[in-house]
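Text of target.txt (compact mmCIF, C-alpha atoms) as supplied:
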# COMPACT_ATOMS: atom_id res chain seq x y z
CA MET S 1487 90.64 106.64 67.64
CA ALA S 1488 89.92 108.04 64.20
CA ARG S 1489 88.58 111.52 63.62
CA THR S 1490 85.14 111.62 62.01
CA GLY S 1491 85.52 111.23 58.28
CA ASP S 1492 89.06 109.80 58.35
CA ARG S 1493 89.30 107.50 55.35
CA VAL S 1494 91.62 104.54 55.00
CA LEU S 1495 92.23 102.11 52.14
CA VAL S 1496 92.69 98.56 53.43
CA ALA S 1497 94.57 95.98 51.35
CA MET S 1498 92.23 92.99 51.59
CA SER S 1499 93.70 89.66 50.45
CA GLY S 1500 90.73 87.50 51.39
CA GLY S 1501 92.57 86.11 54.42
CA VAL S 1502 91.69 86.37 58.07
CA ASP S 1503 94.38 88.94 58.93
CA SER S 1504 93.37 91.68 56.48
CA SER S 1505 89.69 90.97 57.11
CA VAL S 1506 90.06 91.55 60.85
CA ALA S 1507 92.23 94.62 60.15
CA ALA S 1508 89.39 96.16 58.12
CA ALA S 1509 86.83 95.31 60.84
CA MET S 1510 89.02 96.81 63.59
CA LEU S 1511 89.47 100.07 61.71
CA LEU S 1512 85.73 100.27 61.15
CA GLU S 1513 85.19 99.81 64.89
CA GLN S 1514 87.70 102.59 65.57
CA GLY S 1515 85.62 105.04 63.54
CA PHE S 1516 87.48 105.09 60.25
CA ASP S 1517 85.70 105.41 56.91
CA VAL S 1518 87.06 102.12 55.50
CA VAL S 1519 87.47 101.27 51.80
CA GLY S 1520 88.57 97.76 50.83
CA CYS S 1521 90.90 96.95 47.95
CA PHE S 1522 91.89 93.57 46.50
CA MET S 1523 95.06 93.61 44.40
CA ARG S 1524 94.93 91.44 41.32
CA LEU S 1525 98.60 90.72 40.76
CA GLY S 1526 98.57 88.12 38.04
CA SER S 1527 100.47 84.88 37.71
CA PRO S 1528 100.90 82.74 34.59
CA GLY S 1529 97.58 81.74 33.05
CA GLU S 1530 95.53 84.51 34.64
CA THR S 1531 93.05 86.49 32.62
CA LEU S 1532 91.38 89.67 33.78
CA ASP S 1533 89.36 92.20 31.86
CA THR S 1534 91.32 95.33 32.67
CA ALA S 1535 88.21 97.41 32.05
CA ASP S 1536 86.90 95.96 35.30
CA SER S 1537 89.97 96.82 37.34
CA CYS S 1538 89.86 99.49 40.02
CA THR S 1539 86.07 99.67 39.91
CA PRO S 1540 83.75 99.44 42.92
CA ASN S 1541 82.49 95.93 43.67
CA ALA S 1542 84.10 94.46 40.56
CA THR S 1543 83.07 90.85 40.01
CA LYS S 1544 85.02 89.67 36.96
CA ILE S 1545 88.02 88.12 38.65
CA GLY S 1546 90.43 85.82 36.84
CA ARG S 1547 92.52 82.96 38.08
CA GLY S 1548 96.08 83.06 39.28
CA CYS S 1549 98.03 84.83 41.99
CA CYS S 1550 95.69 85.97 44.74
CA SER S 1551 93.21 83.43 43.46
CA VAL S 1552 89.59 83.73 42.43
CA GLY S 1553 88.69 82.22 45.80
CA ASP S 1554 90.71 84.86 47.64
CA ALA S 1555 89.05 87.63 45.67
CA ALA S 1556 85.62 86.20 46.39
CA ASP S 1557 86.43 85.91 50.10
CA ALA S 1558 87.60 89.53 50.23
CA ARG S 1559 84.47 90.71 48.44
CA LEU S 1560 82.21 88.76 50.83
CA VAL S 1561 83.97 90.19 53.88
CA ALA S 1562 83.65 93.72 52.49
CA ALA S 1563 79.93 93.13 51.90
CA LYS S 1564 79.46 91.84 55.44
CA LEU S 1565 81.25 94.88 56.85
CA GLY S 1566 79.27 97.18 54.57
CA ILE S 1567 82.30 98.91 53.04
CA PRO S 1568 83.09 99.88 49.42
CA PHE S 1569 85.28 97.35 47.63
CA TYR S 1570 87.65 97.80 44.72
CA VAL S 1571 89.67 95.36 42.65
CA CYS S 1572 92.91 96.80 41.28
CA ASN S 1573 94.65 95.23 38.32
CA PHE S 1574 98.38 95.43 39.06
CA ARG S 1575 99.17 92.59 36.67
CA ASP S 1576 101.59 94.57 34.50
CA GLU S 1577 103.40 95.94 37.54
CA PHE S 1578 103.58 92.50 39.13
CA SER S 1579 105.39 91.24 36.05
CA ARG S 1580 108.28 93.40 37.27
CA ILE S 1581 108.41 91.28 40.45
CA MET S 1582 108.64 88.05 38.45
CA ASP S 1583 111.32 89.54 36.18
CA TYR S 1584 113.30 90.59 39.25
CA PHE S 1585 112.92 87.06 40.66
CA ALA S 1586 114.23 85.43 37.48
CA ASP S 1587 117.04 87.95 36.93
CA GLU S 1588 118.36 87.58 40.48
CA TYR S 1589 118.63 83.80 40.13
CA VAL S 1590 120.35 84.18 36.74
CA ALA S 1591 122.79 86.62 38.37
CA GLY S 1592 123.67 84.04 41.04
CA ARG S 1593 121.72 85.70 43.86
CA THR S 1594 118.75 84.44 45.92
CA PRO S 1595 115.84 86.90 45.71
CA ASN S 1596 113.09 87.77 48.16
CA PRO S 1597 110.06 88.70 46.03
CA CYS S 1598 107.71 89.21 49.00
CA VAL S 1599 109.75 92.16 50.28
CA ARG S 1600 109.94 93.66 46.79
CA CYS S 1601 106.18 93.25 46.37
CA ASN S 1602 105.56 95.17 49.59
CA ASP S 1603 107.91 97.96 48.49
CA TRP S 1604 106.80 98.31 44.88
CA LEU S 1605 103.13 97.33 44.94
CA LYS S 1606 101.43 96.90 48.31
CA PHE S 1607 102.88 100.12 49.69
CA GLY S 1608 103.91 101.71 46.40
CA LYS S 1609 101.23 101.45 43.73
CA LEU S 1610 98.57 101.02 46.40
CA HIS S 1611 99.42 104.39 47.93
CA ALA S 1612 99.11 105.96 44.48
CA PHE S 1613 95.69 104.36 44.02
CA ALA S 1614 94.62 105.58 47.46
CA ARG S 1615 95.59 109.13 46.55
CA SER S 1616 93.54 108.88 43.35
CA LEU S 1617 90.53 108.29 45.63
CA GLY S 1618 91.47 111.20 47.86
CA ILE S 1619 92.62 108.83 50.63
CA GLU S 1620 95.89 109.38 52.47
CA ARG S 1621 96.00 106.38 54.82
CA VAL S 1622 96.69 102.80 53.77
CA ALA S 1623 96.35 99.75 56.02
CA SER S 1624 97.08 96.04 55.83
CA GLY S 1625 96.92 92.87 57.91
CA HIS S 1626 100.65 92.56 58.54
CA TYR S 1627 101.94 91.48 61.95
CA ALA S 1628 103.93 94.61 62.73
CA ARG S 1629 103.23 97.93 64.41
CA VAL S 1630 103.55 101.59 63.50
CA GLU S 1631 104.13 104.07 66.28
CA HIS S 1632 102.96 107.48 65.11
CA ARG S 1633 104.69 110.54 66.48
CA PRO S 1634 104.34 114.24 65.53
CA GLY S 1635 105.83 114.48 62.03
CA ALA S 1636 107.33 110.98 62.13
CA ALA S 1637 106.57 107.29 62.54
CA ARG S 1638 108.49 104.24 63.73
CA LEU S 1639 108.14 100.64 62.54
CA LEU S 1640 108.07 98.04 65.32
CA ARG S 1641 107.91 94.27 65.47
CA GLY S 1642 104.51 92.63 65.91
CA ILE S 1643 103.57 91.39 69.37
CA ASP S 1644 103.29 87.79 68.10
CA ALA S 1645 106.98 86.87 67.65
CA SER S 1646 106.08 83.73 65.69
CA LYS S 1647 104.21 85.83 63.10
CA ASP S 1648 106.22 89.06 63.10
CA GLN S 1649 106.45 90.55 59.58
CA SER S 1650 108.49 93.68 60.23
CA TYR S 1651 111.32 92.11 58.21
CA VAL S 1652 109.29 92.23 54.98
CA LEU S 1653 108.22 95.84 55.60
CA PHE S 1654 111.65 97.40 56.12
CA GLY S 1655 111.72 98.84 52.59
CA ILE S 1656 108.64 101.04 52.90
CA GLU S 1657 109.30 104.69 52.12
CA PRO S 1658 109.41 106.80 55.31
CA GLU S 1659 106.66 109.09 54.00
CA HIS S 1660 104.45 106.04 53.36
CA LEU S 1661 105.17 104.75 56.86
CA ARG S 1662 103.67 107.93 58.29
CA GLN S 1663 100.43 107.12 56.43
CA MET S 1664 100.37 103.40 57.32
CA LEU S 1665 98.09 101.65 59.78
CA LEU S 1666 98.72 98.07 60.95
CA PRO S 1667 95.72 97.26 63.18
CA ILE S 1668 96.53 93.63 64.09
CA GLY S 1669 100.19 94.15 65.02
CA ALA S 1670 99.31 94.20 68.72
CA LEU S 1671 97.42 90.88 68.51
CA THR S 1672 98.50 87.26 68.35
CA LYS S 1673 97.34 85.01 65.54
CA PRO S 1674 94.95 83.06 67.80
CA ALA S 1675 93.45 86.36 68.96
CA VAL S 1676 92.94 87.46 65.35
CA ARG S 1677 91.12 84.21 64.53
CA GLU S 1678 88.99 84.61 67.66
CA ARG S 1679 88.02 88.15 66.63
CA ALA S 1680 87.10 86.91 63.15
CA LEU S 1681 84.89 84.20 64.67
CA GLU S 1682 83.19 86.74 66.95
CA LEU S 1683 82.52 88.95 63.92
CA GLY S 1684 81.01 86.04 62.02
CA LEU S 1685 83.62 86.16 59.25
CA GLU S 1686 83.73 82.91 57.30
CA VAL S 1687 87.49 83.28 56.80
CA HIS S 1688 88.14 82.84 60.55
CA ASP S 1689 89.67 79.39 60.00
CA LYS S 1690 91.13 79.95 56.53
CA PRO S 1691 94.70 78.52 56.30
CA ASP S 1692 97.62 80.91 55.86
CA SER S 1693 99.35 81.08 52.49
CA GLN S 1694 102.80 79.47 52.67
CA GLU S 1695 104.41 79.54 49.23
CA ILE S 1696 105.52 82.35 46.94
CA CYS S 1697 102.24 83.30 45.28
CA PHE S 1698 103.47 83.10 41.67
CA VAL S 1699 105.26 79.78 42.24
CA PRO S 1700 102.48 77.69 43.84
CA ASP S 1701 104.19 74.43 42.87
CA ASP S 1702 107.52 75.57 44.43
CA ASP S 1703 109.26 74.98 41.07
CA TYR S 1704 111.42 78.11 41.20
CA ALA S 1705 113.82 76.85 38.54
CA GLY S 1706 110.97 76.14 36.15
CA LEU S 1707 109.66 79.68 36.45
CA VAL S 1708 113.15 81.13 35.91
CA GLU S 1709 113.60 78.99 32.81
CA ARG S 1710 110.22 80.00 31.37
CA ARG S 1711 110.98 83.68 31.81
CA ARG S 1712 114.67 83.42 30.90
CA PRO S 1713 115.00 80.56 28.35
CA ASP S 1714 118.78 81.04 28.10
CA ALA S 1715 119.26 80.37 31.82
CA PRO S 1716 119.65 76.55 31.75
CA ARG S 1717 123.32 75.86 31.02
CA SER S 1718 125.18 72.84 32.28
CA GLY S 1719 128.34 73.58 34.23
CA ALA S 1720 130.78 72.27 36.77
CA ILE S 1721 130.27 71.56 40.44
CA VAL S 1722 133.59 72.25 42.17
CA ASP S 1723 134.97 71.90 45.67
CA VAL S 1724 136.48 74.81 47.60
CA ASP S 1725 139.89 74.07 46.03
CA GLY S 1726 138.48 74.36 42.51
CA ASN S 1727 138.48 70.64 41.71
CA VAL S 1728 135.62 69.50 39.48
CA VAL S 1729 133.50 66.99 41.41
CA GLY S 1730 130.34 66.87 39.30
CA THR S 1731 128.07 68.71 36.86
CA HIS S 1732 124.86 70.71 37.19
CA ALA S 1733 122.01 71.72 34.87
CA GLY S 1734 122.11 75.41 35.77
CA GLN S 1735 123.48 77.41 38.72
CA HIS S 1736 120.06 79.04 39.16
CA ARG S 1737 118.81 75.68 40.48
CA PHE S 1738 120.89 76.03 43.66
CA THR S 1739 120.81 78.25 46.74
CA ILE S 1740 123.50 79.00 49.31
CA GLY S 1741 123.26 76.59 52.21
CA GLN S 1742 121.46 73.92 50.19
CA ARG S 1743 122.30 70.37 51.27
CA ARG S 1744 119.76 68.10 49.57
CA GLY S 1745 119.77 67.50 45.84
CA VAL S 1746 123.31 68.78 45.28
CA GLY S 1747 124.11 65.82 43.03
CA VAL S 1748 127.45 64.78 44.50
CA ALA S 1749 128.44 62.86 47.64
CA PHE S 1750 131.66 63.08 49.65
CA GLY S 1751 130.86 60.69 52.49
CA TYR S 1752 130.20 63.61 54.84
CA PRO S 1753 127.66 66.48 54.79
CA ILE S 1754 128.30 69.01 52.03
CA TYR S 1755 126.53 72.24 51.20
CA VAL S 1756 126.32 74.75 48.38
CA VAL S 1757 128.68 77.48 49.58
CA ASP S 1758 129.05 79.65 46.46
CA LYS S 1759 127.75 80.22 42.93
CA ASN S 1760 129.50 81.95 40.06
CA PRO S 1761 127.15 82.90 37.21
CA VAL S 1762 130.04 84.08 35.01
CA ASP S 1763 131.96 80.80 35.19
CA ASN S 1764 128.66 78.93 35.61
CA THR S 1765 130.04 76.97 38.56
CA VAL S 1766 128.51 75.80 41.81
CA THR S 1767 130.89 75.37 44.76
CA VAL S 1768 130.29 72.84 47.51
CA GLY S 1769 132.00 72.57 50.88
CA ARG S 1770 131.64 71.81 54.55
CA ALA S 1771 129.41 73.66 57.02
CA GLU S 1772 132.28 75.89 58.13
CA HIS S 1773 132.53 77.29 54.59
CA LEU S 1774 129.06 78.80 55.06
CA MET S 1775 130.05 80.97 58.01
CA SER S 1776 130.38 84.73 57.44
CA THR S 1777 131.86 87.40 59.66
CA SER S 1778 130.36 90.38 57.80
CA CYS S 1779 128.53 91.54 54.70
CA THR S 1780 127.87 94.66 52.68
CA ALA S 1781 124.41 95.73 51.52
CA SER S 1782 123.02 98.18 48.98
CA GLU S 1783 119.69 99.95 48.37
CA ALA S 1784 119.65 101.16 51.96
CA ASN S 1785 116.34 102.32 53.40
CA TRP S 1786 116.71 104.06 56.76
CA LEU S 1787 113.60 104.46 58.93
CA CYS S 1788 115.84 105.69 61.77
CA GLN S 1789 119.05 107.40 60.71
CA PRO S 1790 122.11 105.33 61.80
CA GLY S 1791 124.43 108.30 62.38
CA GLU S 1792 128.16 108.36 61.67
CA GLY S 1793 130.60 105.58 62.44
CA TRP S 1794 129.73 102.19 63.85
CA ARG S 1795 126.40 101.64 65.60
CA ALA S 1796 125.47 98.58 67.64
CA CYS S 1797 122.39 96.80 66.30
CA LEU S 1798 120.65 93.48 65.79
CA ALA S 1799 120.83 92.10 62.25
CA GLN S 1800 118.41 89.65 60.63
CA HIS S 1801 119.64 88.31 57.29
CA ARG S 1802 116.75 85.95 56.45
CA TYR S 1803 113.03 86.10 57.06
CA ASN S 1804 113.07 82.96 59.21
CA SER S 1805 116.34 83.66 61.05
CA ALA S 1806 116.84 85.38 64.39
CA ALA S 1807 118.18 88.92 64.69
CA VAL S 1808 121.71 88.61 66.04
CA PRO S 1809 124.09 91.10 67.70
CA ALA S 1810 126.08 93.08 65.15
CA ARG S 1811 127.24 96.57 64.30
CA VAL S 1812 126.58 98.69 61.21
CA ARG S 1813 128.11 101.68 59.48
CA VAL S 1814 127.31 103.57 56.30
CA ILE S 1815 129.92 103.20 53.54
CA ALA S 1816 130.57 104.80 50.16
CA ASP S 1817 128.00 104.16 47.46
CA SER S 1818 128.71 102.30 44.22
CA GLU S 1819 127.58 102.75 40.66
CA ARG S 1820 125.95 99.31 40.41
CA LYS S 1821 122.47 99.51 38.96
CA THR S 1822 119.95 98.24 41.50
CA PRO S 1823 116.44 96.86 40.92
CA SER S 1824 114.80 99.71 42.85
CA GLY S 1825 117.11 102.50 41.75
CA ARG S 1826 117.85 103.30 45.41
CA ARG S 1827 121.32 104.39 46.41
CA GLY S 1828 123.12 103.94 49.69
CA ARG S 1829 125.29 101.14 51.07
CA PHE S 1830 126.29 99.90 54.50
CA GLU S 1831 128.48 97.29 56.13
CA VAL S 1832 127.41 94.88 58.86
CA GLU S 1833 129.85 93.04 61.14
CA PHE S 1834 128.39 90.18 63.16
CA ASP S 1835 129.49 89.70 66.77
CA SER S 1836 129.75 85.97 65.99
CA PRO S 1837 130.00 84.31 62.55
CA GLU S 1838 126.64 83.71 60.87
CA ARG S 1839 125.62 80.77 58.68
CA ALA S 1840 124.53 81.12 55.04
CA VAL S 1841 124.47 84.91 54.74
CA THR S 1842 123.28 85.05 51.15
CA GLU S 1843 123.69 87.56 48.34
CA GLY S 1844 120.31 88.85 47.16
CA GLN S 1845 118.54 88.47 50.49
CA ALA S 1846 117.37 91.41 52.60
CA ILE S 1847 119.22 92.24 55.80
CA VAL S 1848 117.11 94.15 58.31
CA LEU S 1849 118.54 96.01 61.28
CA TYR S 1850 116.93 96.49 64.69
CA ASP S 1851 117.96 98.67 67.61
CA ARG S 1852 120.15 96.87 70.16
CA GLU S 1853 118.51 98.54 73.18
CA GLN S 1854 114.96 98.50 71.73
CA PRO S 1855 114.93 95.17 69.87
CA GLU S 1856 111.42 95.74 68.50
CA LEU S 1857 112.45 98.95 66.68
CA VAL S 1858 113.34 98.67 62.96
CA LEU S 1859 116.27 100.90 62.03
CA GLY S 1860 116.19 100.05 58.33
CA GLY S 1861 117.84 97.62 55.99
CA GLY S 1862 119.08 96.81 52.53
CA TRP S 1863 119.98 94.00 50.14
CA ILE S 1864 123.05 91.85 50.64
CA GLU S 1865 125.50 92.33 47.78
CA ARG S 1866 128.61 90.64 49.20
CA THR S 1867 129.43 88.36 52.11
CA ASN S 1868 132.81 87.82 53.76
CA ARG S 1869 133.25 84.15 54.59
CA MET S 1870 135.23 83.10 57.65
CA VAL S 1871 136.93 80.39 55.56
CA GLU S 1872 138.06 81.42 52.07
CA ARG S 1873 136.45 79.48 49.25
Please express what this file holds, its structure, as structure tokens.
Amino acid sequence: MARTGDRVLVAMSGGVDSSVAAAMLLEQGFDVVGCFMRLGSPGETLDTADSCTPNATKIGRGCCSVGDAADARLVAAKLGIPFYVCNFRDEFSRIMDYFADEYVAGRTPNPCVRCNDWLKFGKLHAFARSLGIERVASGHYARVEHRPGAARLLRGIDASKDQSYVLFGIEPEHLRQMLLPIGALTKPAVRERALELGLEVHDKPDSQEICFVPDDDYAGLVERRRPDAPRSGAIVDVDGNVVGTHAGQHRFTIGQRRGVGVAFGYPIYVVDKNPVDNTVTVGRAEHLMSTSCTASEANWLCQPGEGWRACLAQHRYNSAAVPARVRVIADSERKTPSGRRGRFEVEFDSPERAVTEGQAIVLYDREQPELVLGGGWIERTNRMVER
């Protein structure tokens, strides 16, 4: 229960999850302030003079749409809480640049994790402090266990909705100030609470796509932001034989089967990309299997200690966490998008399919599978079968 006068800034997206999160905190006695983040996708316009102002009403189109902003504002009004709109458009451009640059570099990015790190629990914390507020909350399906002087990040109770993977990169000091009210609820329970509260968003569909690529045309966005990216090149097999041509390696992802552009009479997959040679390599399913990987930009929420430590490793948002072991290794001089240092190596107990450079790998405790140890960004994978 909150102490009288405890203030919390709630990131309100206009969806049912963040709306119920704000209502729950209000019920718990917090002094709740709502905030909608205007991020800004192509074509959006927003009068920046109206950003970060109470009950702002001039809301442009684009990412986190005008409808979402209106929904968030209506929920805030119903709950009787102050409401701000923050213009993070310039900062969000960094997310789109990262997205394009990773594809150009032959990696597969995860912009949602970066957005949480840099904006939702980066810039948002700074804005909260400007209001004299220390705590920040959101409607993510994960849990924070607060302990004296520390905090632990845990999986959400609803395994089908768990979002701890996308929160691994939060700074430890921000984690101590974070509240995740709906992490102990299932999605149906959240919708039921919204209906009981009379919130019109109780049956609002969840967002599925990357917010700044609503048409799912990733390659098109990369090419608009990086006009030099489209270059035709060779599609090769694992022995280096040319078997076809492509219109740009950024149009392919590791593990892709459909739309490869060549046929061998048996299932083939994209198993490698080389942005320097501008080649795309195809092979059989066994060429996708990896025994280990290395990761950079480590963020440890629980220190791993020295030597090997048993863990569970999740290398994609929609994959299961599998038995593995991890150890910290020497850092490198490679410039990283976040500027974070720290590297580690993960060895899987059994080979894993399509472990992909550029994706986040998140580590959980082997004995407490709901506990997030930390994670990083995959920089190299070791395939079971050499390409």
Give me, as a ChimeraX atom specification, all polymer residues having an atom no more than 6 Å from S:Arg1813, counting all atoms listed in the file and skipping those fewer than 5 positions away in the same chain. /S:1793-1794,1830-1831
Do you know which residues are at most 10 Å from S:Gly1618 counting all atoms listed in the file, after dropping those on the same chain fewer than 6 positions away, and could you put them as a ChimeraX atom specification? /S:1493-1494,1612
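Each of S:Gly1635, S:Gly1684, S:Pro1658, S:Gly1734 was checked against S:Leu1565 using all atoms listed in the file; the smallest atom-to-atom distance is that of S:Gly1684.
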Enter the distance from atom CA of S:Thr1780 to atom CA of S:Thr1842, in Å, rounded to one decimal. 10.8 Å
So which residues touch S:Arg1826 within 10 Å, counting all atoms listed in the file, skipping near sequence neighbours fewer than 5 positions away, as a PyMOL selection string? chain S and resi 1782-1785+1821+1862
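The spacing separating atom CA of S:Asp1758 from atom CA of S:Gly1730 amounts to 14.7 Å.
Once all atoms listed in the file are considered, the residues situated within 12 Å of the file point (118.5, 73.9, 44.1) turn out to be Tyr1589, Gly1592, Thr1594, Asp1702, Asp1703, Tyr1704, Ala1705, Gly1706, His1732, Ala1733, Gly1734, Gln1735, His1736, Arg1737, Phe1738, Thr1739, Ile1740, Gly1741, Gln1742, Arg1743, Arg1744, Gly1745, Val1746, Gly1747, Tyr1755, Val1756, Lys1759 and Val1766 of chain S.
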Taking C-alpha atoms for each residue, export the selection above as a short mmCIF file (atom, residue, chain, number, x, y, z; two decimals), keeping the file's coordinate frame.
data_model
loop_
_atom_site.label_atom_id
_atom_site.label_comp_id
_atom_site.auth_asym_id
_atom_site.auth_seq_id
_atom_site.Cartn_x
_atom_site.Cartn_y
_atom_site.Cartn_z
CA TYR S 1589 118.63 83.80 40.13
CA GLY S 1592 123.67 84.04 41.04
CA THR S 1594 118.75 84.44 45.92
CA ASP S 1702 107.52 75.57 44.43
CA ASP S 1703 109.26 74.98 41.07
CA TYR S 1704 111.42 78.11 41.20
CA ALA S 1705 113.82 76.85 38.54
CA GLY S 1706 110.97 76.14 36.15
CA HIS S 1732 124.86 70.71 37.19
CA ALA S 1733 122.01 71.72 34.87
CA GLY S 1734 122.11 75.41 35.77
CA GLN S 1735 123.48 77.41 38.72
CA HIS S 1736 120.06 79.04 39.16
CA ARG S 1737 118.81 75.68 40.48
CA PHE S 1738 120.89 76.03 43.66
CA THR S 1739 120.81 78.25 46.74
CA ILE S 1740 123.50 79.00 49.31
CA GLY S 1741 123.26 76.59 52.21
CA GLN S 1742 121.46 73.92 50.19
CA ARG S 1743 122.30 70.37 51.27
CA ARG S 1744 119.76 68.10 49.57
CA GLY S 1745 119.77 67.50 45.84
CA VAL S 1746 123.31 68.78 45.28
CA GLY S 1747 124.11 65.82 43.03
CA TYR S 1755 126.53 72.24 51.20
CA VAL S 1756 126.32 74.75 48.38
CA LYS S 1759 127.75 80.22 42.93
CA VAL S 1766 128.51 75.80 41.81
#
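When only C-alpha atoms are used to compute distances to S:Gly1501, the closest of the residues S:Ala1636, S:Val1729, S:Cys1598, S:Ala1558 turns out to be S:Ala1558.
Separating atom CA of S:Val1728 from atom CA of S:Val1762 is a distance of 16.2 Å.
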The residue from S:Ala1675, S:Ala1591, S:Met1775, S:Ala1628 with the smallest atom-to-atom distance to S:Tyr1651, counting only C-alpha atoms, is S:Ala1628
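Each of S:Ala1614, S:Ile1656, S:Lys1647, S:Arg1839 was compared to S:Cys1601 using all atoms listed in the file, and S:Ile1656 turns out to be the nearest.
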Within 9 Å of stretch 1576-1584 of chain S, which residues of stretch 1693-1784 of chain S come that close, and what is the closest atom pair and distance in Å for each? Count only C-alpha atoms and give it as a Markdown table.
| residue | atom | partner | partner_atom | distance |
| --- | --- | --- | --- | --- |
| S:Phe1698 | CA | S:Met1582 | CA | 7.8 |
| S:Leu1707 | CA | S:Met1582 | CA | 8.7 |
| S:Val1708 | CA | S:Asp1583 | CA | 8.6 |
| S:Arg1711 | CA | S:Asp1583 | CA | 7.3 |
| S:Arg1712 | CA | S:Asp1583 | CA | 8.7 |
Spatial neighbours of S:His1632, max dist 9 Å, all atoms listed in the file, sep filter under 5 positions, as a ChimeraX atom specification: /S:1637-1639,1661-1662
Output C-alpha atoms for every residue in that selection, as a compact mmCIF listing (two decimals), in the coordinates of the input.
# COMPACT_ATOMS: atom_id res chain seq x y z
CA ALA S 1637 106.57 107.29 62.54
CA ARG S 1638 108.49 104.24 63.73
CA LEU S 1639 108.14 100.64 62.54
CA LEU S 1661 105.17 104.75 56.86
CA ARG S 1662 103.67 107.93 58.29
I need every residue sitting at most 8 Å from the point (85.6, 103.8, 56.0) (coordinates as in the file, only C-alpha atoms considered), written as a short mmCIF file (atom, residue, chain, number, x, y, z; two decimals) with C-alpha atoms, keeping the file's coordinate frame.
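Wrote result.cif, looks like this:
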data_model
loop_
_atom_site.label_atom_id
_atom_site.label_comp_id
_atom_site.auth_asym_id
_atom_site.auth_seq_id
_atom_site.Cartn_x
_atom_site.Cartn_y
_atom_site.Cartn_z
CA GLY S 1491 85.52 111.23 58.28
CA ASP S 1492 89.06 109.80 58.35
CA ARG S 1493 89.30 107.50 55.35
CA VAL S 1494 91.62 104.54 55.00
CA LEU S 1495 92.23 102.11 52.14
CA LEU S 1511 89.47 100.07 61.71
CA LEU S 1512 85.73 100.27 61.15
CA GLY S 1515 85.62 105.04 63.54
CA PHE S 1516 87.48 105.09 60.25
CA ASP S 1517 85.70 105.41 56.91
CA VAL S 1518 87.06 102.12 55.50
CA VAL S 1519 87.47 101.27 51.80
CA ILE S 1567 82.30 98.91 53.04
#
Of the candidates S:Ile1696, S:Gly1860, S:Asp1587, S:Leu1681, which one gets nearest to S:Gln1789 if we count only C-alpha atoms? S:Gly1860
Nearest to S:Arg1829 by atom-to-atom distance, counting all atoms listed in the file, from S:Trp1604, S:Phe1522, S:Tyr1752, S:Trp1863: S:Trp1863
Can you pull out the residues contacting S:Pro1809? Cut-off 12 Å, using only C-alpha atoms, and skip same-chain residues under 3 positions away; I want them as number ranges by chain. S: 1777-1778, 1795-1801, 1806, 1812, 1832-1838, 1849-1853, 1855
